[in-house]
>>> print(open('structure_21.pdb').read())   # PDB, C-alpha atoms and all ligand atoms
ATOM      1  CA  MET A 299      -5.410 -13.988 -44.763  1.00  0.00           C
ATOM      2  CA  ILE A 300      -2.609 -13.336 -42.283  1.00  0.00           C
ATOM      3  CA  ILE A 301      -1.067  -9.893 -42.075  1.00  0.00           C
ATOM      4  CA  ARG A 302       2.204  -9.078 -40.394  1.00  0.00           C
ATOM      5  CA  VAL A 303       1.496  -5.992 -38.337  1.00  0.00           C
ATOM      6  CA  PRO A 304       5.044  -4.555 -38.537  1.00  0.00           C
ATOM      7  CA  ASP A 305       4.707  -4.592 -42.353  1.00  0.00           C
ATOM      8  CA  LEU A 306       1.724  -2.264 -42.207  1.00  0.00           C
ATOM      9  CA  LYS A 307       2.282   1.452 -42.594  1.00  0.00           C
ATOM     10  CA  GLU A 308       0.351   4.656 -42.239  1.00  0.00           C
ATOM     11  CA  GLU A 309      -0.397   4.556 -45.946  1.00  0.00           C
ATOM     12  CA  VAL A 310      -3.556   2.755 -46.817  1.00  0.00           C
ATOM     13  CA  ARG A 311      -2.996  -0.625 -48.401  1.00  0.00           C
ATOM     14  CA  GLN A 312      -5.664  -2.158 -50.644  1.00  0.00           C
ATOM     15  CA  LEU A 313      -6.540  -5.762 -49.994  1.00  0.00           C
ATOM     16  CA  ALA A 314      -8.553  -8.209 -52.032  1.00  0.00           C
ATOM     17  CA  PHE A 315      -8.817 -11.822 -50.991  1.00  0.00           C
ATOM     18  CA  GLN A 316     -11.205 -14.749 -50.757  1.00  0.00           C
ATOM     19  CA  GLU A 317     -12.425 -16.453 -47.646  1.00  0.00           C
ATOM     20  CA  PRO A 318     -13.171 -20.109 -48.492  1.00  0.00           C
ATOM     21  CA  ALA A 319     -16.859 -21.057 -48.453  1.00  0.00           C
ATOM     22  CA  ALA A 320     -15.961 -24.364 -46.803  1.00  0.00           C
ATOM     23  CA  ARG A 321     -14.562 -22.581 -43.772  1.00  0.00           C
ATOM     24  CA  LEU A 322     -17.649 -20.386 -43.446  1.00  0.00           C
ATOM     25  CA  ASN A 323     -19.959 -23.353 -43.851  1.00  0.00           C
ATOM     26  CA  ALA A 324     -18.100 -25.245 -41.161  1.00  0.00           C
ATOM     27  CA  ARG A 325     -18.869 -22.382 -38.800  1.00  0.00           C
ATOM     28  CA  ILE A 326     -22.535 -22.371 -39.789  1.00  0.00           C
ATOM     29  CA  ALA A 327     -22.712 -26.118 -39.179  1.00  0.00           C
ATOM     30  CA  GLY A 328     -21.439 -25.459 -35.671  1.00  0.00           C
ATOM     31  CA  SER A 329     -24.327 -23.176 -34.754  1.00  0.00           C
ATOM     32  CA  PRO A 330     -27.606 -25.021 -34.135  1.00  0.00           C
ATOM     33  CA  GLY A 331     -30.705 -24.153 -36.152  1.00  0.00           C
ATOM     34  CA  SER A 332     -28.948 -22.470 -39.042  1.00  0.00           C
ATOM     35  CA  ASP A 333     -28.416 -25.453 -41.328  1.00  0.00           C
ATOM     36  CA  ASP A 334     -31.001 -24.042 -43.749  1.00  0.00           C
ATOM     37  CA  GLN A 335     -28.409 -21.894 -45.499  1.00  0.00           C
ATOM     38  CA  HIS A 336     -24.840 -22.071 -46.698  1.00  0.00           C
ATOM     39  CA  PHE A 337     -22.354 -20.124 -48.783  1.00  0.00           C
ATOM     40  CA  ALA A 338     -22.516 -21.197 -52.411  1.00  0.00           C
ATOM     41  CA  ARG A 339     -19.156 -19.696 -53.322  1.00  0.00           C
ATOM     42  CA  ASP A 340     -16.094 -18.216 -51.650  1.00  0.00           C
ATOM     43  CA  LEU A 341     -16.562 -14.890 -49.962  1.00  0.00           C
ATOM     44  CA  ALA A 342     -14.904 -11.971 -51.749  1.00  0.00           C
ATOM     45  CA  VAL A 343     -13.316  -9.422 -49.453  1.00  0.00           C
ATOM     46  CA  VAL A 344     -12.309  -5.975 -50.687  1.00  0.00           C
ATOM     47  CA  ALA A 345     -10.794  -3.812 -47.995  1.00  0.00           C
ATOM     48  CA  GLU A 346      -8.296  -1.214 -46.911  1.00  0.00           C
ATOM     49  CA  ILE A 347      -5.857  -1.618 -44.100  1.00  0.00           C
ATOM     50  CA  TYR A 348      -3.391   0.703 -42.421  1.00  0.00           C
ATOM     51  CA  ARG A 349      -1.646   1.121 -39.101  1.00  0.00           C
ATOM     52  CA  SER A 350      -1.621   4.122 -36.877  1.00  0.00           C
ATOM     53  CA  GLU A 351       0.936   3.630 -34.120  1.00  0.00           C
ATOM     54  CA  ARG A 352      -0.020   0.155 -32.926  1.00  0.00           C
ATOM     55  CA  ASP A 353      -3.671   0.277 -33.881  1.00  0.00           C
ATOM     56  CA  VAL A 354      -4.695  -1.457 -37.069  1.00  0.00           C
ATOM     57  CA  HIS A 355      -7.577  -0.009 -39.069  1.00  0.00           C
ATOM     58  CA  PHE A 356      -9.307  -2.492 -41.302  1.00  0.00           C
ATOM     59  CA  GLN A 357     -12.412  -1.604 -43.284  1.00  0.00           C
ATOM     60  CA  GLY A 358     -14.150  -2.756 -46.415  1.00  0.00           C
ATOM     61  CA  ARG A 359     -16.860  -5.119 -47.451  1.00  0.00           C
ATOM     62  CA  VAL A 360     -17.652  -8.762 -47.961  1.00  0.00           C
ATOM     63  CA  GLU A 361     -19.598 -10.121 -50.915  1.00  0.00           C
ATOM     64  CA  GLY A 362     -20.881 -13.604 -51.261  1.00  0.00           C
ATOM     65  CA  GLU A 363     -23.713 -15.757 -52.403  1.00  0.00           C
ATOM     66  CA  VAL A 364     -25.954 -17.655 -50.054  1.00  0.00           C
ATOM     67  CA  ARG A 365     -28.042 -20.676 -50.935  1.00  0.00           C
ATOM     68  CA  ALA A 366     -30.925 -21.001 -48.544  1.00  0.00           C
ATOM     69  CA  VAL A 367     -34.106 -22.973 -48.000  1.00  0.00           C
ATOM     70  CA  CYS A 368     -37.137 -20.695 -47.748  1.00  0.00           C
ATOM     71  CA  ALA A 369     -38.725 -20.930 -44.318  1.00  0.00           C
ATOM     72  CA  ARG A 370     -42.220 -20.749 -45.827  1.00  0.00           C
ATOM     73  CA  CYS A 371     -42.250 -22.671 -49.110  1.00  0.00           C
ATOM     74  CA  LEU A 372     -39.145 -24.844 -48.513  1.00  0.00           C
ATOM     75  CA  GLU A 373     -37.788 -24.062 -51.997  1.00  0.00           C
ATOM     76  CA  GLU A 374     -34.060 -23.558 -52.374  1.00  0.00           C
ATOM     77  CA  PHE A 375     -32.982 -20.143 -53.598  1.00  0.00           C
ATOM     78  CA  ASP A 376     -29.809 -18.084 -53.984  1.00  0.00           C
ATOM     79  CA  ARG A 377     -29.328 -14.580 -52.813  1.00  0.00           C
ATOM     80  CA  PRO A 378     -26.416 -12.172 -52.847  1.00  0.00           C
ATOM     81  CA  LEU A 379     -24.922 -11.259 -49.492  1.00  0.00           C
ATOM     82  CA  GLU A 380     -23.165  -7.972 -48.845  1.00  0.00           C
ATOM     83  CA  ARG A 381     -21.981  -6.231 -45.736  1.00  0.00           C
ATOM     84  CA  SER A 382     -19.657  -3.367 -44.966  1.00  0.00           C
ATOM     85  CA  PHE A 383     -17.402  -3.473 -41.938  1.00  0.00           C
ATOM     86  CA  ARG A 384     -14.942  -1.334 -40.066  1.00  0.00           C
ATOM     87  CA  PHE A 385     -12.577  -2.611 -37.419  1.00  0.00           C
ATOM     88  CA  VAL A 386     -10.032  -0.993 -35.197  1.00  0.00           C
ATOM     89  CA  ILE A 387      -7.790  -3.736 -33.895  1.00  0.00           C
ATOM     90  CA  LEU A 388      -5.585  -3.039 -30.909  1.00  0.00           C
ATOM     91  CA  PRO A 389      -2.667  -5.009 -29.551  1.00  0.00           C
ATOM     92  CA  ARG A 390      -3.807  -7.342 -26.821  1.00  0.00           C
ATOM     93  CA  PRO A 391      -3.022  -5.683 -23.493  1.00  0.00           C
ATOM     94  CA  LEU A 392      -0.320  -7.439 -21.527  1.00  0.00           C
ATOM     95  CA  ALA A 393      -1.965  -6.717 -18.211  1.00  0.00           C
ATOM     96  CA  THR A 394      -3.729  -9.684 -16.687  1.00  0.00           C
ATOM     97  CA  ASP A 395      -6.615  -7.436 -15.772  1.00  0.00           C
ATOM     98  CA  ASP A 396      -8.980  -7.827 -18.687  1.00  0.00           C
ATOM     99  CA  SER A 397     -11.848  -5.957 -17.078  1.00  0.00           C
ATOM    100  CA  GLU A 398     -10.850  -2.978 -19.202  1.00  0.00           C
ATOM    101  CA  ASP A 399     -11.459  -4.928 -22.373  1.00  0.00           C
ATOM    102  CA  ASP A 400     -13.885  -2.863 -24.379  1.00  0.00           C
ATOM    103  CA  GLU A 401     -16.741  -4.701 -25.901  1.00  0.00           C
ATOM    104  CA  GLY A 402     -16.594  -4.572 -29.691  1.00  0.00           C
ATOM    105  CA  VAL A 403     -12.867  -3.999 -29.874  1.00  0.00           C
ATOM    106  CA  ASP A 404     -10.748  -6.672 -31.477  1.00  0.00           C
ATOM    107  CA  HIS A 405      -7.212  -7.516 -30.511  1.00  0.00           C
ATOM    108  CA  TYR A 406      -4.175  -9.099 -32.061  1.00  0.00           C
ATOM    109  CA  SER A 407      -1.349 -10.743 -30.209  1.00  0.00           C
ATOM    110  CA  GLY A 408       2.240 -10.844 -31.350  1.00  0.00           C
ATOM    111  CA  ASP A 409       3.068  -9.600 -34.815  1.00  0.00           C
ATOM    112  CA  GLU A 410       0.440 -11.471 -36.751  1.00  0.00           C
ATOM    113  CA  LEU A 411      -3.150 -10.645 -37.415  1.00  0.00           C
ATOM    114  CA  ASP A 412      -5.520 -13.164 -38.985  1.00  0.00           C
ATOM    115  CA  LEU A 413      -8.228 -11.341 -40.926  1.00  0.00           C
ATOM    116  CA  GLY A 414     -10.094 -14.542 -41.804  1.00  0.00           C
ATOM    117  CA  PRO A 415     -12.126 -14.889 -38.583  1.00  0.00           C
ATOM    118  CA  LEU A 416     -13.008 -11.186 -38.647  1.00  0.00           C
ATOM    119  CA  VAL A 417     -14.500 -11.262 -42.141  1.00  0.00           C
ATOM    120  CA  ALA A 418     -16.124 -14.650 -41.516  1.00  0.00           C
ATOM    121  CA  GLU A 419     -17.928 -13.175 -38.534  1.00  0.00           C
ATOM    122  CA  GLN A 420     -19.208 -10.314 -40.696  1.00  0.00           C
ATOM    123  CA  ALA A 421     -20.518 -12.737 -43.302  1.00  0.00           C
ATOM    124  CA  LEU A 422     -22.306 -14.817 -40.666  1.00  0.00           C
ATOM    125  CA  LEU A 423     -23.904 -11.695 -39.202  1.00  0.00           C
ATOM    126  CA  ALA A 424     -25.324 -10.912 -42.631  1.00  0.00           C
ATOM    127  CA  LEU A 425     -27.241 -14.211 -42.788  1.00  0.00           C
ATOM    128  CA  ASP A 426     -31.004 -14.079 -42.309  1.00  0.00           C
ATOM    129  CA  SER A 427     -32.467 -15.549 -39.170  1.00  0.00           C
ATOM    130  CA  MET A 428     -35.434 -16.696 -41.242  1.00  0.00           C
ATOM    131  CA  PRO A 429     -34.577 -16.936 -44.945  1.00  0.00           C
ATOM    132  CA  LEU A 430     -37.446 -16.149 -47.325  1.00  0.00           C
ATOM    133  CA  CYS A 431     -37.322 -16.590 -51.113  1.00  0.00           C
ATOM    134  CA  SER A 432     -39.295 -13.354 -51.349  1.00  0.00           C
ATOM    135  CA  PRO A 433     -40.816 -11.086 -48.696  1.00  0.00           C
ATOM    136  CA  ASP A 434     -44.288 -12.009 -49.912  1.00  0.00           C
ATOM    137  CA  CYS A 435     -43.736 -15.743 -50.354  1.00  0.00           C
ATOM    138  CA  ARG A 436     -47.123 -17.400 -49.945  1.00  0.00           C
ATOM    139  CA  GLY A 437     -45.719 -20.625 -48.543  1.00  0.00           C
ATOM    140  CA  LEU A 438     -47.245 -24.077 -48.661  1.00  0.00           C
ATOM    141  CA  CYS A 439     -50.837 -25.061 -48.075  1.00  0.00           C
ATOM    142  CA  SER A 440     -50.848 -26.652 -44.647  1.00  0.00           C
ATOM    143  CA  ARG A 441     -53.324 -29.292 -45.821  1.00  0.00           C
ATOM    144  CA  CYS A 442     -52.263 -30.430 -49.294  1.00  0.00           C
ATOM    145  CA  GLY A 443     -48.712 -29.106 -49.355  1.00  0.00           C
ATOM    146  CA  ALA A 444     -49.198 -27.208 -52.622  1.00  0.00           C
ATOM    147  CA  ASN A 445     -46.694 -24.432 -53.223  1.00  0.00           C
ATOM    148  CA  LEU A 446     -49.017 -21.444 -53.271  1.00  0.00           C
ATOM    149  CA  ASN A 447     -46.471 -19.334 -55.156  1.00  0.00           C
ATOM    150  CA  ARG A 448     -46.819 -21.621 -58.138  1.00  0.00           C
ATOM    151  CA  GLU A 449     -50.291 -23.075 -57.993  1.00  0.00           C
ATOM    152  CA  GLU A 450     -53.750 -22.277 -56.802  1.00  0.00           C
ATOM    153  CA  CYS A 451     -54.637 -25.031 -54.339  1.00  0.00           C
ATOM    154  CA  ARG A 452     -58.236 -26.183 -54.159  1.00  0.00           C
ATOM    155  CA  CYS A 453     -58.459 -26.943 -50.455  1.00  0.00           C
ATOM    156  CA  SER A 454     -60.415 -23.837 -49.542  1.00  0.00           C
ATOM    157  CA  GLU A 455     -62.821 -24.479 -52.397  1.00  0.00           C
ATOM    158  CA  GLU A 456     -63.440 -28.094 -51.355  1.00  0.00           C
ATOM    159  CA  GLU A 457     -63.701 -27.051 -47.768  1.00  0.00           C
ATOM    160  CA  ARG A 458     -66.408 -24.573 -48.623  1.00  0.00           C
ATOM    161  CA  SER A 459     -68.499 -26.986 -50.672  1.00  0.00           C
ATOM    162  CA  ARG A 460     -68.092 -29.812 -48.154  1.00  0.00           C
ATOM    163  CA  GLY A 461     -68.936 -27.539 -45.248  1.00  0.00           C
ATOM    164  CA  ALA A 462     -72.118 -26.419 -46.959  1.00  0.00           C
ATOM    165  CA  SER A 463     -73.400 -29.969 -47.517  1.00  0.00           C
ATOM    166  CA  ARG A 464     -72.767 -31.106 -43.935  1.00  0.00           C
ATOM    167  CA  PRO A 465     -75.237 -31.001 -41.118  1.00  0.00           C
ATOM    168  CA  LEU A 466     -74.808 -27.898 -38.989  1.00  0.00           C
ATOM    169  CA  SER A 467     -73.419 -29.845 -36.002  1.00  0.00           C
ATOM    170  CA  LEU A 468     -70.372 -30.971 -38.001  1.00  0.00           C
ATOM    171  CA  ARG A 469     -69.360 -27.649 -39.436  1.00  0.00           C
ATOM    172  CA  GLY A 470     -67.344 -26.686 -36.387  1.00  0.00           C
ATOM    173  CA  ILE A 471     -65.270 -29.851 -36.722  1.00  0.00           C
ATOM    174  CA  ALA A 472     -64.671 -29.284 -40.400  1.00  0.00           C
ATOM    175  CA  VAL A 473     -63.247 -25.866 -39.680  1.00  0.00           C
ATOM    176  CA  ARG A 474     -60.854 -27.202 -37.085  1.00  0.00           C
ATOM    177  CA  GLU A 475     -59.471 -29.976 -39.278  1.00  0.00           C
TER     178      GLU A 475
HETATM  179 ZN    ZN B   1     -40.662 -19.146 -50.288  1.00  0.00          ZN
HETATM  180 ZN    ZN B   2     -54.274 -27.034 -50.277  1.00  0.00          ZN
END
>>> encode(input="structure_21.pdb", output="structure tokens")
Amino acid sequence: MIIRVPDLKEEVRQLAFQEPAARLNARIAGSPGSDDQHFARDLAVVAEIYRSERDVHFQGRVEGEVRAVCARCLEEFDRPLERSFRFVILPRPLATDDSEDDEGVDHYSGDELDLGPLVAEQALLALDSMPLCSPDCRGLCSRCGANLNREECRCSEEERSRGASRPLSLRGIAVRE
């Protein structure tokens, strides 16, 4: 979504557009260790934009759907993603001295402003660092691989009966298995 800054006015303009899932997923693929989730559909952006002098105010929210692999049980699940944002975007200073560049302030150069990268960044920030299908996912049994959300695994039971029938000297080993 490219906006021509001179076309913006003091009056608030409503914006609604989609940021393609493919573009977001390409950015996820570029960051190591986050290939366990992707956007299942295009990101919906609903926002307001206006210009005050040369500063552009852009605020609204992104809504999408993320398909992720649970870090504990390895099941795939979908979850809604939502995040509100507010940007003040200033013209890029002409001075070569960029030490005055404030952290957290975005800039545009020339007359055009591409909103795509700004909303994409917001969507990526809303991803989980460790996706979980549910906060109390019980995960997989580390011995038999059973999904403990769905089934009661019998490892602990077997372990207990086996441990009891073994000579005392071997019990320590059984526990460490
Ligand atoms: Zn899970
Ligand atoms: Zn088990």
>>> atom_distance(input="structure_21.pdb", atom1="atom CA of A:Val417", atom2="atom CA of A:Met299")
9.8 Å
>>> resolve_selection(input="structure_21.pdb", expression="the PyMOL selection byres (((not hetatm)) within 7 of (chain B and resi 1))", output="JSON, numbers by chain")
{"A": [368, 369, 370, 371, 372, 373, 430, 431, 432, 435, 436, 437]}
>>> residues_near_ligand(input="structure_21.pdb", ligand="ligand ZN 2 (chain B)", cutoff="7 Å", atoms="all atoms listed in the file", output="MDAnalysis selection string")
chainID A and resid 439:444 451:454
>>> write_last_selection(input="structure_21.pdb", atoms="C-alpha atoms", output="short mmCIF file (atom, residue, chain, number, x, y, z; two decimals), in the coordinates of the input")
data_model
loop_
_atom_site.label_atom_id
_atom_site.label_comp_id
_atom_site.auth_asym_id
_atom_site.auth_seq_id
_atom_site.Cartn_x
_atom_site.Cartn_y
_atom_site.Cartn_z
CA CYS A 439 -50.84 -25.06 -48.08
CA SER A 440 -50.85 -26.65 -44.65
CA ARG A 441 -53.32 -29.29 -45.82
CA CYS A 442 -52.26 -30.43 -49.29
CA GLY A 443 -48.71 -29.11 -49.36
CA ALA A 444 -49.20 -27.21 -52.62
CA CYS A 451 -54.64 -25.03 -54.34
CA ARG A 452 -58.24 -26.18 -54.16
CA CYS A 453 -58.46 -26.94 -50.46
CA SER A 454 -60.42 -23.84 -49.54
#
>>> atom_distance(input="structure_21.pdb", atom1="atom CA of A:Pro318", atom2="atom CA of A:Val343")
10.7 Å
>>> residues_near_point(input="structure_21.pdb", point="(-19.0, -11.2, -52.3)", cutoff="10 Å", atoms="all atoms listed in the file", output="CSV table (one decimal) with C-alpha atoms, keeping the file's coordinate frame")
chain,number,residue,atom,x,y,z
A,316,GLN,CA,-11.2,-14.7,-50.8
A,317,GLU,CA,-12.4,-16.5,-47.6
A,339,ARG,CA,-19.2,-19.7,-53.3
A,340,ASP,CA,-16.1,-18.2,-51.6
A,341,LEU,CA,-16.6,-14.9,-50.0
A,342,ALA,CA,-14.9,-12.0,-51.7
A,343,VAL,CA,-13.3,-9.4,-49.5
A,344,VAL,CA,-12.3,-6.0,-50.7
A,359,ARG,CA,-16.9,-5.1,-47.5
A,360,VAL,CA,-17.7,-8.8,-48.0
A,361,GLU,CA,-19.6,-10.1,-50.9
A,362,GLY,CA,-20.9,-13.6,-51.3
A,363,GLU,CA,-23.7,-15.8,-52.4
A,364,VAL,CA,-26.0,-17.7,-50.1
A,378,PRO,CA,-26.4,-12.2,-52.8
A,379,LEU,CA,-24.9,-11.3,-49.5
A,380,GLU,CA,-23.2,-8.0,-48.8
A,381,ARG,CA,-22.0,-6.2,-45.7
A,421,ALA,CA,-20.5,-12.7,-43.3
